[in-house]
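Chemist: I'd like to ask you about the structure that follows.
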Amino acid sequence: MTTKAPCSPGDSLQVFKGTLLHSTDTSPLETLDHRILGVNGMGKIVFIETVDKENELSQKWHFKKEDIRVLRPREEFFIPGLIDTHIHASQYPNMGSCLDLPLLDWLIKYTFPVEAKFKDLKFAEDTYTKVVKRTLRNGTTTACYFATIHTDSSLKLCDIVDKLGQRAFVGKVCMDLNELFPEYKEILCESLSETARFVAELAYRKYPLVNPIVTPRFVPSCSSKLLQQLGSFAKRNNLHIQSHVSESCKEVEVVKGMFPNYKDYSDVYDKHSLLTDKTIMAHGVHLSDDELERFHRKGVAISHCPNSNTSLCSGLFDARNALNHKVNIGLGTDVSGGYSPSVLNAVRGAIDVTKILSLKFSDYEKLTYQEAFRLATLGGSKALGLDKLTGNFEVGKDFDAILVNTNVPFGPFEVFPDDTQQDIFQKFLFLGDDRNMVEVYVAGKKVVPFQES
Ligand code: GUN
Ligand code: FE
C-alpha cells in the first residue's frame, strides 16, 4: 500500500527561500532570515523552517532544488499582504481631489454626487476595475469596501474583486435619510430587501474570498428603523457590519440632535444591535474612554484612517489610547476622504498623528514604525475577524504576501552598504511604493503582475 505524499508535484507546491518580515502577537516586527517557506495548491502555508531543513523538507514534500524560488538577500523580502480595513471603492473617481471641505459639506458637494453615478453599471464596472487593480498593485491583499446603494453595481464590484483575486468584504451601502441630497438615498423597505438580495446573490456566486458586510452608512443617514432592521438582519445571518462613528465634531452633534436620549454616539449603534464582535467602525476620532471601553467589551474594531482625518480636518485619532483600551485596530485609506490608495501611506499617517500628539502631550507614547506595520497587517486581520486566515506568516494560514524588491530601476529610495535589514525595511515602509511591490500573492495565487490580458 502506498501512502499519499503530503503534497505531490501535481498539487503545485510553491517553495520560497529568503527573508520574511512580519508581526506576531508578541512582536510587532519579527525578521525571519534564511527561511524556507512552502505553499500548497490550496494557497496555504504548509511549512516555514530554517534553510538547514531544506533536504528533509524536499524529501517530505517532493520538491527539487531547482523548483525553489530564491530571494536575493537584502534586495528582496516578503511581507504579509496589506489590509485596508476601510475604503470606498465608489469614491475612486474623486481620489486626490475635492479635499477642501469638512466631512458633512464634503459628502453633499462631492461624495453623494459621485456615488449616484454608480446606478450606471458600465460606469461601475470601469471604475471598480480601476480601483481593485490600483489597490492590488499597492499591496492590498484584503480590502473592506463600501460600494454604493445600488445592489447590482455592488455585485459587480464583487465579480471584479473575485476575478482579480483580491480578498474582500463588500458592502452595499444602506441609507434612507438624505435631506440635502435627496436624489441619493433609498426608501426604508428597499434598503433592507436589497441588502438581503445582495447577500443572497453573493452567497449563490460562491466566490471563495469575497464576503458581504452589512453597511449602514452612518447614523445621520439612517432612520432608527433602518438601523434596527440591519442590526437584526446581521445577527440572524451572522454577518459582519461596518459603518462610521465619531469622525467629526459636527457629525457627533448631529447624532446628539437625532438621538437626544442616548448616552453617546456608540450607544445609538449599540441599542440598534450594531455593535458586535463582527463590527468594524471607521474613524472613532472623538470617542470617549467610556465608548472605547464599550468597544472593547463588545469586541468592536476601529479602522484608523489618518489620511482622511487630516484631509477632511476631522481630528487626530489617539491610537495609543485605543490600544491601551485593548480595542482591535486596523488601518484604512478611506479613499476618497483620504487621498492615497496605499496602506503604506496609512502607516506613515498613523505614525505622524502620534508624533503630532506627542507635541501636545509631552509624555505621549508615539506609535513605533513596527507597531504601525502590525496595525497594517495582523491588526487589520484581527479587526476584520480574518486572523485565522491571514495577517502574518504562520503554517496553516493562507499565503497573502508582497514580494518587496528594494532595487528596482528608478525606485523611490536607495539602499546603502551600511544599511541593516531593519534600515532597509524602514526605508521601504516610509518611502516605498508600488514600484517595489514586484509580486503580490493572495491565497497563494500571484495576482500582481496581473494575470489576465
Ligand atoms: N461618513 C459617512 N459617509 C462617509 C464617507 O463616505 N466618508 C467618510 N470619510 N465619512 C463618512
Ligand atoms: Fe469612510
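Every chain in the C-alpha cells has a letter given in the order shown (A, B, ...), and although residue numbers restart at 1 in each chain, ligands are simply numbered from 1 in the order shown.
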Please identify every polymer residue within 10 Å of ligand 1, using only C-alpha atoms and all ligand atoms, and present the set as a ChimeraX atom specification.

Modeler: /A:86-88,90-91,102-104,106-108,110-112,115,146-148,173,175,216-221,243-248,251,282-283,305,307-309,311-312,314,333-338

Chemist: Which parts of region 214-316 of chain A does DSSP call strand (DSSP E or B) when run on the backbone here, written out as a list of chain:residue names?

Modeler: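 Strand (DSSP E or B) members of region 214-316 of chain A, listed: A:Val214, A:Thr215, A:Pro216, A:His240, A:Ile241, A:Gln242, A:Ser243, A:His244, A:Val245, A:Thr279, A:Ile280, A:Met281, A:Ala282, A:His283, A:Ala301, A:Ile302, A:Ser303, A:His304.
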
Chemist: Identify which of the residues A:Cys144, A:Leu192, A:Ile83, A:Ala401 lies closest to Lys446 (chain A), counting only C-alpha atoms when measuring atom-to-atom distances.

Modeler: A:Ala401

Chemist: Looking at only C-alpha atoms and all ligand atoms, which of A:Gly284, A:Pro93, A:Gly81, A:Gly165 is the one that sits closest to ligand 2?

Modeler: A:Gly284

Chemist: Residues within 8 Å of Asp176 (chain A), please, as a PyMOL selection string. Count only C-alpha atoms; anything in the same chain fewer than 6 positions from it doesn't count.

Modeler: chain A and resi 185-188+191+221-223+226

Chemist: Identify, on the basis of only C-alpha atoms, every residue whose closest approach to Asp289 (chain A) does not exceed 10 Å; exclude the query and any residue fewer than 3 positions from it along the same chain; express the result as an MDAnalysis selection string.

Modeler: chainID A and resid 286 292:295 321:322 325

Chemist: Pull C-alpha atoms from the residues just selected and write them as an mmCIF file, in the first residue's frame.

Modeler:
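Heads up, here's the output in part.cif:
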```
data_model
loop_
_atom_site.group_PDB
_atom_site.id
_atom_site.type_symbol
_atom_site.label_atom_id
_atom_site.label_comp_id
_atom_site.auth_asym_id
_atom_site.auth_seq_id
_atom_site.Cartn_x
_atom_site.Cartn_y
_atom_site.Cartn_z
ATOM 1 C CA HIS A 286 -13.876 61.630 19.031
ATOM 2 C CA LEU A 292 -13.691 52.759 23.896
ATOM 3 C CA GLU A 293 -14.451 50.540 26.876
ATOM 4 C CA ARG A 294 -17.728 49.578 25.273
ATOM 5 C CA PHE A 295 -15.917 48.773 22.012
ATOM 6 C CA ASN A 321 -5.358 55.376 23.930
ATOM 7 C CA ALA A 322 -7.445 52.990 21.822
ATOM 8 C CA HIS A 325 -8.215 50.143 25.894
#
```

Chemist: Nearest to ligand 2 among A:Asp25, A:Asp84, A:Asp33, A:Glu183, with distances taken over only C-alpha atoms and all ligand atoms: which residue is it?

Modeler: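 Of A:Asp25, A:Asp84, A:Asp33, A:Glu183, the one nearest ligand 2 is A:Asp84, counting only C-alpha atoms and all ligand atoms.
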
Chemist: In region 41-187 of chain A, what's alpha helix (DSSP H) per DSSP? Answer as a compact mmCIF listing (two decimals) with all heavy atoms, in the first residue's frame?

Modeler:
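What ended up in out27.txt:
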```
# COMPACT_ATOMS: atom_id res chain seq x y z
N GLU A 54 16.29 22.14 4.49
CA GLU A 54 15.86 22.04 3.08
C GLU A 54 15.79 20.59 2.58
O GLU A 54 14.79 20.19 1.96
CB GLU A 54 16.81 22.85 2.19
CG GLU A 54 16.41 22.83 0.74
CD GLU A 54 17.37 23.61 -0.15
OE1 GLU A 54 17.87 24.68 0.27
OE2 GLU A 54 17.63 23.14 -1.26
N ASN A 55 16.84 19.80 2.86
CA ASN A 55 16.86 18.42 2.33
C ASN A 55 15.71 17.59 2.89
O ASN A 55 15.00 16.91 2.15
CB ASN A 55 18.20 17.75 2.65
CG ASN A 55 19.29 18.28 1.73
OD1 ASN A 55 18.99 18.86 0.68
ND2 ASN A 55 20.54 18.12 2.15
N GLU A 56 15.56 17.69 4.19
CA GLU A 56 14.47 16.99 4.87
C GLU A 56 13.11 17.36 4.24
O GLU A 56 12.30 16.49 3.93
CB GLU A 56 14.49 17.49 6.31
CG GLU A 56 14.13 16.52 7.39
CD GLU A 56 14.35 17.23 8.73
OE1 GLU A 56 15.52 17.45 9.12
OE2 GLU A 56 13.34 17.61 9.32
N LEU A 57 12.92 18.67 4.06
CA LEU A 57 11.64 19.16 3.52
C LEU A 57 11.44 18.72 2.08
O LEU A 57 10.33 18.36 1.67
CB LEU A 57 11.59 20.69 3.59
CG LEU A 57 11.40 21.26 4.99
CD1 LEU A 57 11.74 22.76 5.02
CD2 LEU A 57 9.97 21.05 5.47
N SER A 58 12.53 18.72 1.31
CA SER A 58 12.38 18.37 -0.11
C SER A 58 11.99 16.90 -0.24
O SER A 58 11.25 16.54 -1.16
CB SER A 58 13.64 18.71 -0.89
OG SER A 58 14.61 17.73 -0.67
N GLN A 59 12.44 16.06 0.69
CA GLN A 59 12.02 14.64 0.65
C GLN A 59 10.56 14.51 1.07
O GLN A 59 9.78 13.81 0.43
CB GLN A 59 12.91 13.83 1.58
CG GLN A 59 14.27 13.62 0.96
CD GLN A 59 15.16 12.73 1.78
OE1 GLN A 59 14.74 12.11 2.74
NE2 GLN A 59 16.42 12.68 1.39
N LYS A 60 10.22 15.20 2.13
CA LYS A 60 8.85 15.08 2.63
C LYS A 60 7.82 15.64 1.63
O LYS A 60 6.76 15.08 1.45
CB LYS A 60 8.74 15.82 3.97
CG LYS A 60 7.36 15.78 4.56
CD LYS A 60 7.30 16.28 5.98
CE LYS A 60 5.85 16.33 6.43
NZ LYS A 60 5.65 17.10 7.64
N TRP A 61 8.19 16.78 1.01
CA TRP A 61 7.20 17.48 0.17
C TRP A 61 7.46 17.30 -1.33
O TRP A 61 6.75 17.89 -2.16
CB TRP A 61 7.17 18.97 0.52
CG TRP A 61 6.63 19.20 1.90
CD1 TRP A 61 7.34 19.31 3.05
CD2 TRP A 61 5.25 19.31 2.26
NE1 TRP A 61 6.50 19.49 4.12
CE2 TRP A 61 5.21 19.50 3.66
CE3 TRP A 61 4.05 19.27 1.55
CZ2 TRP A 61 4.01 19.64 4.36
CZ3 TRP A 61 2.86 19.42 2.24
CH2 TRP A 61 2.85 19.60 3.64
N LEU A 103 -16.22 67.14 6.59
CA LEU A 103 -16.98 65.93 6.27
C LEU A 103 -18.40 66.15 5.71
O LEU A 103 -18.70 65.71 4.60
CB LEU A 103 -17.06 65.04 7.53
CG LEU A 103 -17.93 63.79 7.39
CD1 LEU A 103 -17.32 62.81 6.40
CD2 LEU A 103 -18.10 63.12 8.75
N LEU A 104 -19.27 66.82 6.48
CA LEU A 104 -20.67 66.84 6.07
C LEU A 104 -20.87 67.65 4.79
O LEU A 104 -21.65 67.26 3.91
CB LEU A 104 -21.56 67.36 7.22
CG LEU A 104 -21.47 66.51 8.51
CD1 LEU A 104 -22.35 67.08 9.62
CD2 LEU A 104 -21.81 65.04 8.29
N ASP A 105 -20.15 68.75 4.64
CA ASP A 105 -20.23 69.54 3.40
C ASP A 105 -19.61 68.76 2.23
O ASP A 105 -20.09 68.80 1.10
CB ASP A 105 -19.49 70.88 3.58
CG ASP A 105 -20.05 71.66 4.75
OD1 ASP A 105 -21.28 71.75 4.86
OD2 ASP A 105 -19.25 72.14 5.59
N TRP A 106 -18.52 68.08 2.53
CA TRP A 106 -17.81 67.27 1.52
C TRP A 106 -18.72 66.16 0.98
O TRP A 106 -18.75 65.89 -0.22
CB TRP A 106 -16.55 66.70 2.19
CG TRP A 106 -15.78 65.67 1.44
CD1 TRP A 106 -14.80 65.88 0.51
CD2 TRP A 106 -15.87 64.24 1.61
NE1 TRP A 106 -14.28 64.67 0.08
CE2 TRP A 106 -14.93 63.66 0.74
CE3 TRP A 106 -16.66 63.40 2.40
CZ2 TRP A 106 -14.74 62.28 0.65
CZ3 TRP A 106 -16.48 62.03 2.30
CH2 TRP A 106 -15.54 61.48 1.43
N PHE A 112 -21.79 62.32 -2.43
CA PHE A 112 -23.07 61.75 -2.88
C PHE A 112 -23.20 61.85 -4.41
O PHE A 112 -23.63 60.88 -5.04
CB PHE A 112 -24.25 62.41 -2.15
CG PHE A 112 -24.25 62.16 -0.65
CD1 PHE A 112 -24.68 63.14 0.25
CD2 PHE A 112 -23.84 60.94 -0.13
CE1 PHE A 112 -24.69 62.91 1.62
CE2 PHE A 112 -23.84 60.69 1.24
CZ PHE A 112 -24.27 61.69 2.12
N PRO A 113 -22.83 62.98 -5.02
CA PRO A 113 -22.95 63.05 -6.49
C PRO A 113 -22.13 61.97 -7.21
O PRO A 113 -22.61 61.35 -8.16
CB PRO A 113 -22.44 64.45 -6.84
CG PRO A 113 -22.68 65.26 -5.60
CD PRO A 113 -22.49 64.31 -4.45
N VAL A 114 -20.92 61.70 -6.74
CA VAL A 114 -20.12 60.68 -7.46
C VAL A 114 -20.70 59.29 -7.21
O VAL A 114 -20.77 58.45 -8.12
CB VAL A 114 -18.61 60.76 -7.12
CG1 VAL A 114 -18.27 60.16 -5.78
CG2 VAL A 114 -17.79 60.07 -8.20
N GLU A 115 -21.17 59.03 -6.00
CA GLU A 115 -21.75 57.71 -5.72
C GLU A 115 -23.03 57.47 -6.53
O GLU A 115 -23.32 56.34 -6.93
CB GLU A 115 -22.01 57.54 -4.22
CG GLU A 115 -20.73 57.42 -3.41
CD GLU A 115 -20.93 56.99 -1.97
OE1 GLU A 115 -21.97 56.38 -1.65
OE2 GLU A 115 -20.05 57.27 -1.13
N ALA A 116 -23.79 58.56 -6.76
CA ALA A 116 -25.04 58.42 -7.52
C ALA A 116 -24.78 57.90 -8.93
O ALA A 116 -25.64 57.25 -9.54
CB ALA A 116 -25.76 59.77 -7.57
N LEU A 121 -24.28 50.70 -14.60
CA LEU A 121 -23.44 49.51 -14.39
C LEU A 121 -22.12 49.55 -15.15
O LEU A 121 -21.12 49.02 -14.69
CB LEU A 121 -24.21 48.26 -14.84
CG LEU A 121 -24.92 47.45 -13.76
CD1 LEU A 121 -25.57 46.22 -14.38
CD2 LEU A 121 -23.93 47.02 -12.68
N LYS A 122 -22.15 50.18 -16.31
CA LYS A 122 -20.92 50.24 -17.12
C LYS A 122 -19.88 51.15 -16.41
O LYS A 122 -18.70 50.82 -16.34
CB LYS A 122 -21.27 50.80 -18.51
CG LYS A 122 -20.10 50.87 -19.46
CD LYS A 122 -19.73 49.47 -19.99
CE LYS A 122 -18.48 49.48 -20.84
NZ LYS A 122 -17.24 49.25 -20.12
N PHE A 123 -20.39 52.27 -15.89
CA PHE A 123 -19.50 53.16 -15.14
C PHE A 123 -18.94 52.41 -13.92
O PHE A 123 -17.76 52.50 -13.60
CB PHE A 123 -20.28 54.41 -14.69
CG PHE A 123 -19.47 55.38 -13.89
CD1 PHE A 123 -18.53 56.20 -14.50
CD2 PHE A 123 -19.64 55.48 -12.50
CE1 PHE A 123 -17.76 57.10 -13.76
CE2 PHE A 123 -18.89 56.37 -11.75
CZ PHE A 123 -17.95 57.19 -12.38
N ALA A 124 -19.82 51.64 -13.26
CA ALA A 124 -19.39 50.87 -12.10
C ALA A 124 -18.31 49.87 -12.50
O ALA A 124 -17.27 49.77 -11.83
CB ALA A 124 -20.59 50.14 -11.48
N GLU A 125 -18.52 49.18 -13.58
CA GLU A 125 -17.55 48.16 -14.00
C GLU A 125 -16.19 48.79 -14.29
O GLU A 125 -15.15 48.30 -13.83
CB GLU A 125 -18.08 47.42 -15.23
CG GLU A 125 -17.12 46.34 -15.69
CD GLU A 125 -17.74 45.39 -16.70
OE1 GLU A 125 -18.89 45.63 -17.15
OE2 GLU A 125 -17.06 44.41 -17.03
N ASP A 126 -16.19 49.88 -15.04
CA ASP A 126 -14.92 50.55 -15.38
C ASP A 126 -14.22 51.04 -14.13
O ASP A 126 -13.01 50.85 -13.95
CB ASP A 126 -15.18 51.76 -16.30
CG ASP A 126 -15.58 51.32 -17.69
OD1 ASP A 126 -15.48 50.11 -17.98
OD2 ASP A 126 -16.02 52.18 -18.47
N THR A 127 -14.97 51.71 -13.26
CA THR A 127 -14.36 52.32 -12.08
C THR A 127 -13.87 51.25 -11.10
O THR A 127 -12.76 51.33 -10.57
CB THR A 127 -15.36 53.25 -11.38
OG1 THR A 127 -15.91 54.12 -12.36
CG2 THR A 127 -14.70 54.06 -10.29
N TYR A 128 -14.71 50.26 -10.86
CA TYR A 128 -14.34 49.23 -9.90
C TYR A 128 -13.13 48.41 -10.38
O TYR A 128 -12.29 48.00 -9.58
CB TYR A 128 -15.54 48.33 -9.59
CG TYR A 128 -16.59 48.99 -8.71
CD1 TYR A 128 -17.93 48.63 -8.78
CD2 TYR A 128 -16.24 49.96 -7.78
CE1 TYR A 128 -18.89 49.22 -7.97
CE2 TYR A 128 -17.20 50.57 -6.96
CZ TYR A 128 -18.51 50.19 -7.06
OH TYR A 128 -19.45 50.77 -6.24
N THR A 129 -13.03 48.21 -11.69
CA THR A 129 -11.84 47.51 -12.19
C THR A 129 -10.59 48.34 -11.89
O THR A 129 -9.57 47.82 -11.44
CB THR A 129 -11.97 47.28 -13.73
OG1 THR A 129 -13.15 46.52 -13.96
CG2 THR A 129 -10.76 46.56 -14.29
N LYS A 130 -10.70 49.65 -12.09
CA LYS A 130 -9.54 50.52 -11.83
C LYS A 130 -9.16 50.50 -10.35
O LYS A 130 -7.97 50.42 -10.00
CB LYS A 130 -9.86 51.96 -12.24
CG LYS A 130 -9.94 52.16 -13.74
CD LYS A 130 -10.05 53.65 -14.09
CE LYS A 130 -9.93 53.91 -15.57
NZ LYS A 130 -11.18 53.75 -16.32
N VAL A 131 -10.13 50.59 -9.47
CA VAL A 131 -9.78 50.70 -8.04
C VAL A 131 -9.22 49.38 -7.51
O VAL A 131 -8.24 49.37 -6.74
CB VAL A 131 -10.95 51.23 -7.18
CG1 VAL A 131 -12.12 50.29 -7.11
CG2 VAL A 131 -10.50 51.54 -5.76
N VAL A 132 -9.77 48.27 -7.95
CA VAL A 132 -9.25 46.99 -7.44
C VAL A 132 -7.83 46.76 -7.96
O VAL A 132 -6.95 46.32 -7.22
CB VAL A 132 -10.21 45.82 -7.80
CG1 VAL A 132 -9.61 44.48 -7.36
CG2 VAL A 132 -11.58 46.03 -7.15
N LYS A 133 -7.60 47.10 -9.23
CA LYS A 133 -6.24 46.96 -9.76
C LYS A 133 -5.26 47.88 -9.02
O LYS A 133 -4.14 47.50 -8.70
CB LYS A 133 -6.21 47.27 -11.26
CG LYS A 133 -6.78 46.15 -12.10
CD LYS A 133 -6.58 46.44 -13.57
CE LYS A 133 -6.82 45.17 -14.38
NZ LYS A 133 -6.63 45.40 -15.82
N ARG A 134 -5.72 49.09 -8.76
CA ARG A 134 -4.85 50.07 -8.08
C ARG A 134 -4.47 49.59 -6.68
O ARG A 134 -3.33 49.65 -6.26
CB ARG A 134 -5.56 51.43 -7.99
CG ARG A 134 -4.83 52.50 -7.21
CD ARG A 134 -3.60 53.03 -7.90
NE ARG A 134 -3.94 53.66 -9.16
CZ ARG A 134 -3.05 54.01 -10.09
NH1 ARG A 134 -1.76 53.80 -9.89
NH2 ARG A 134 -3.44 54.57 -11.22
N THR A 135 -5.47 49.09 -5.95
CA THR A 135 -5.17 48.67 -4.57
C THR A 135 -4.30 47.41 -4.57
O THR A 135 -3.36 47.31 -3.78
CB THR A 135 -6.46 48.45 -3.75
OG1 THR A 135 -7.30 47.51 -4.42
CG2 THR A 135 -7.21 49.75 -3.54
N LEU A 136 -4.57 46.49 -5.49
CA LEU A 136 -3.72 45.29 -5.56
C LEU A 136 -2.28 45.67 -5.86
O LEU A 136 -1.34 45.14 -5.24
CB LEU A 136 -4.24 44.33 -6.64
CG LEU A 136 -5.39 43.41 -6.25
CD1 LEU A 136 -5.88 42.65 -7.49
CD2 LEU A 136 -4.98 42.42 -5.16
N ARG A 137 -2.09 46.56 -6.81
CA ARG A 137 -0.72 46.99 -7.15
C ARG A 137 -0.02 47.61 -5.95
O ARG A 137 1.19 47.58 -5.84
CB ARG A 137 -0.75 48.02 -8.28
CG ARG A 137 -0.67 47.45 -9.67
CD ARG A 137 -0.12 48.49 -10.65
NE ARG A 137 -0.91 49.70 -10.70
CZ ARG A 137 -1.95 49.88 -11.50
NH1 ARG A 137 -2.33 48.94 -12.33
NH2 ARG A 137 -2.60 51.02 -11.49
N THR A 151 -27.53 47.83 -5.70
CA THR A 151 -27.21 46.41 -5.46
C THR A 151 -26.45 45.80 -6.64
O THR A 151 -25.45 45.11 -6.44
CB THR A 151 -28.50 45.61 -5.20
OG1 THR A 151 -29.20 46.29 -4.17
CG2 THR A 151 -28.20 44.18 -4.79
N ASP A 152 -26.92 46.03 -7.85
CA ASP A 152 -26.28 45.35 -8.98
C ASP A 152 -24.86 45.83 -9.22
O ASP A 152 -23.98 45.05 -9.55
CB ASP A 152 -27.15 45.47 -10.24
CG ASP A 152 -28.43 44.67 -10.07
OD1 ASP A 152 -28.34 43.50 -9.64
OD2 ASP A 152 -29.52 45.23 -10.28
N SER A 153 -24.63 47.11 -9.01
CA SER A 153 -23.25 47.55 -9.21
C SER A 153 -22.38 47.12 -8.02
O SER A 153 -21.19 46.86 -8.19
CB SER A 153 -23.15 49.04 -9.55
OG SER A 153 -23.35 49.83 -8.44
N SER A 154 -22.97 46.97 -6.83
CA SER A 154 -22.19 46.41 -5.71
C SER A 154 -21.80 44.96 -6.00
O SER A 154 -20.68 44.53 -5.70
CB SER A 154 -23.00 46.47 -4.41
OG SER A 154 -23.39 47.80 -4.12
N LEU A 155 -22.73 44.21 -6.63
CA LEU A 155 -22.40 42.83 -7.02
C LEU A 155 -21.33 42.83 -8.11
O LEU A 155 -20.48 41.94 -8.16
CB LEU A 155 -23.66 42.11 -7.52
CG LEU A 155 -24.65 41.73 -6.40
CD1 LEU A 155 -26.02 41.37 -6.97
CD2 LEU A 155 -24.10 40.58 -5.55
N LYS A 156 -21.35 43.84 -8.94
CA LYS A 156 -20.30 43.97 -9.98
C LYS A 156 -18.93 44.13 -9.32
O LYS A 156 -17.95 43.54 -9.75
CB LYS A 156 -20.65 45.17 -10.88
CG LYS A 156 -19.72 45.40 -12.03
CD LYS A 156 -19.63 44.23 -12.97
CE LYS A 156 -20.79 44.17 -13.94
NZ LYS A 156 -20.69 42.98 -14.85
N LEU A 157 -18.89 44.90 -8.25
CA LEU A 157 -17.62 45.04 -7.52
C LEU A 157 -17.16 43.67 -7.01
O LEU A 157 -15.98 43.32 -7.10
CB LEU A 157 -17.78 46.04 -6.35
CG LEU A 157 -16.59 46.18 -5.40
CD1 LEU A 157 -15.30 46.58 -6.13
CD2 LEU A 157 -16.89 47.23 -4.30
N CYS A 158 -18.11 42.87 -6.51
CA CYS A 158 -17.75 41.53 -6.03
C CYS A 158 -17.17 40.68 -7.17
O CYS A 158 -16.16 39.99 -6.98
CB CYS A 158 -18.97 40.82 -5.45
SG CYS A 158 -19.69 41.67 -4.04
N ASP A 159 -17.80 40.75 -8.35
CA ASP A 159 -17.29 39.99 -9.52
C ASP A 159 -15.86 40.38 -9.83
O ASP A 159 -15.01 39.53 -10.09
CB ASP A 159 -18.08 40.34 -10.80
CG ASP A 159 -19.52 39.91 -10.73
OD1 ASP A 159 -19.87 39.16 -9.81
OD2 ASP A 159 -20.29 40.35 -11.61
N ILE A 160 -15.60 41.67 -9.80
CA ILE A 160 -14.28 42.17 -10.20
C ILE A 160 -13.23 41.78 -9.16
O ILE A 160 -12.12 41.35 -9.51
CB ILE A 160 -14.35 43.71 -10.42
CG1 ILE A 160 -15.20 43.98 -11.67
CG2 ILE A 160 -12.97 44.32 -10.53
CD1 ILE A 160 -15.70 45.40 -11.79
N VAL A 161 -13.59 41.92 -7.90
CA VAL A 161 -12.67 41.52 -6.82
C VAL A 161 -12.33 40.04 -6.98
O VAL A 161 -11.17 39.63 -6.89
CB VAL A 161 -13.32 41.79 -5.44
CG1 VAL A 161 -12.56 41.09 -4.33
CG2 VAL A 161 -13.40 43.29 -5.17
N ASP A 162 -13.36 39.23 -7.24
CA ASP A 162 -13.13 37.79 -7.41
C ASP A 162 -12.24 37.53 -8.63
O ASP A 162 -11.28 36.77 -8.55
CB ASP A 162 -14.48 37.08 -7.58
CG ASP A 162 -14.29 35.62 -7.94
OD1 ASP A 162 -13.81 34.87 -7.07
OD2 ASP A 162 -14.60 35.23 -9.08
N LYS A 163 -12.56 38.18 -9.73
CA LYS A 163 -11.82 37.94 -10.97
C LYS A 163 -10.34 38.32 -10.81
O LYS A 163 -9.45 37.64 -11.28
CB LYS A 163 -12.45 38.75 -12.11
CG LYS A 163 -11.95 38.34 -13.47
CD LYS A 163 -12.74 38.99 -14.58
CE LYS A 163 -12.08 40.29 -14.97
NZ LYS A 163 -12.81 41.15 -15.84
N LEU A 164 -10.09 39.41 -10.10
CA LEU A 164 -8.71 39.87 -9.96
C LEU A 164 -8.00 39.22 -8.77
O LEU A 164 -6.80 39.41 -8.56
CB LEU A 164 -8.67 41.40 -9.84
CG LEU A 164 -9.07 42.13 -11.14
CD1 LEU A 164 -9.26 43.62 -10.90
CD2 LEU A 164 -8.02 41.92 -12.24
```

Chemist: In terms of the shortest atom-to-atom distance over only C-alpha atoms and all ligand atoms, which of A:Ile48, A:Glu201, A:Ile302, A:Arg236 is closest to ligand 2?

Modeler: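 Of A:Ile48, A:Glu201, A:Ile302, A:Arg236, the one nearest ligand 2 is A:Ile302, counting only C-alpha atoms and all ligand atoms.
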
Chemist: With only C-alpha atoms and all ligand atoms as the atoms that count, which of A:Ile356, A:Met281, A:Leu384, A:Leu202 lies nearest to ligand 2?

Modeler: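 Selected residue with least distance to ligand 2: A:Met281.
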
Chemist: Using only C-alpha atoms and all ligand atoms, which of A:Tyr265, A:Phe393, A:Phe410, A:Tyr92 sits nearest ligand 2?

Modeler: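 Closest to ligand 2, using only C-alpha atoms and all ligand atoms: A:Tyr92.
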
Chemist: Leaving out Ala383 (chain A) and any residue of its chain fewer than 6 positions from it, which residues lie within 9 Å of it when counting only C-alpha atoms, given as a list in words?

Modeler: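 My list of contacting residues is Thr85, Lys278, Thr279, Ile280, Val300, Ala301, Ile302, Ser303, Val327, Asn328, Ile329 and Gly330 of chain A.
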
Chemist: Keeping only N, CA, C and O atoms, take the residues you just selected and write them out as a compact mmCIF listing (two decimals), in the first residue's frame.

Modeler:
```
# COMPACT_ATOMS: atom_id res chain seq x y z
N THR A 85 -8.71 48.31 5.88
CA THR A 85 -9.95 47.97 6.60
C THR A 85 -11.08 48.96 6.31
O THR A 85 -12.18 48.78 6.85
N LYS A 278 -18.26 41.34 15.31
CA LYS A 278 -18.01 41.32 13.85
C LYS A 278 -18.16 42.71 13.27
O LYS A 278 -18.31 42.87 12.06
N THR A 279 -18.15 43.72 14.13
CA THR A 279 -18.34 45.10 13.66
C THR A 279 -17.00 45.82 13.55
O THR A 279 -16.16 45.73 14.45
N ILE A 280 -16.85 46.55 12.44
CA ILE A 280 -15.71 47.47 12.34
C ILE A 280 -16.26 48.86 12.04
O ILE A 280 -17.08 49.05 11.14
N VAL A 300 -15.77 45.27 19.30
CA VAL A 300 -15.88 46.11 18.09
C VAL A 300 -14.49 46.65 17.73
O VAL A 300 -13.76 47.10 18.61
N ALA A 301 -14.17 46.62 16.45
CA ALA A 301 -12.86 47.12 15.99
C ALA A 301 -12.99 48.52 15.40
O ALA A 301 -14.09 48.95 15.02
N ILE A 302 -11.85 49.19 15.34
CA ILE A 302 -11.80 50.53 14.74
C ILE A 302 -10.88 50.50 13.52
O ILE A 302 -9.78 49.94 13.59
N SER A 303 -11.34 51.12 12.43
CA SER A 303 -10.46 51.35 11.29
C SER A 303 -9.93 52.77 11.39
O SER A 303 -10.69 53.74 11.28
N VAL A 327 -8.66 47.81 22.26
CA VAL A 327 -9.56 47.75 21.09
C VAL A 327 -8.74 47.29 19.90
O VAL A 327 -7.61 47.74 19.70
N ASN A 328 -9.30 46.38 19.09
CA ASN A 328 -8.62 45.96 17.86
C ASN A 328 -8.62 47.12 16.87
O ASN A 328 -9.68 47.70 16.61
N ILE A 329 -7.45 47.39 16.32
CA ILE A 329 -7.35 48.50 15.36
C ILE A 329 -6.69 48.02 14.07
O ILE A 329 -5.67 47.32 14.10
N GLY A 330 -7.31 48.40 12.95
CA GLY A 330 -6.69 48.22 11.65
C GLY A 330 -6.52 49.58 11.01
O GLY A 330 -6.98 50.59 11.55
```

Chemist: Please identify all polymer residues within 9 Å of Asn211 (chain A), counting only C-alpha atoms, omitting same-chain residues fewer than 3 positions from it, and present them as a PyMOL selection string.

Modeler: chain A and resi 158+167-171+199+202-203+207-208+240
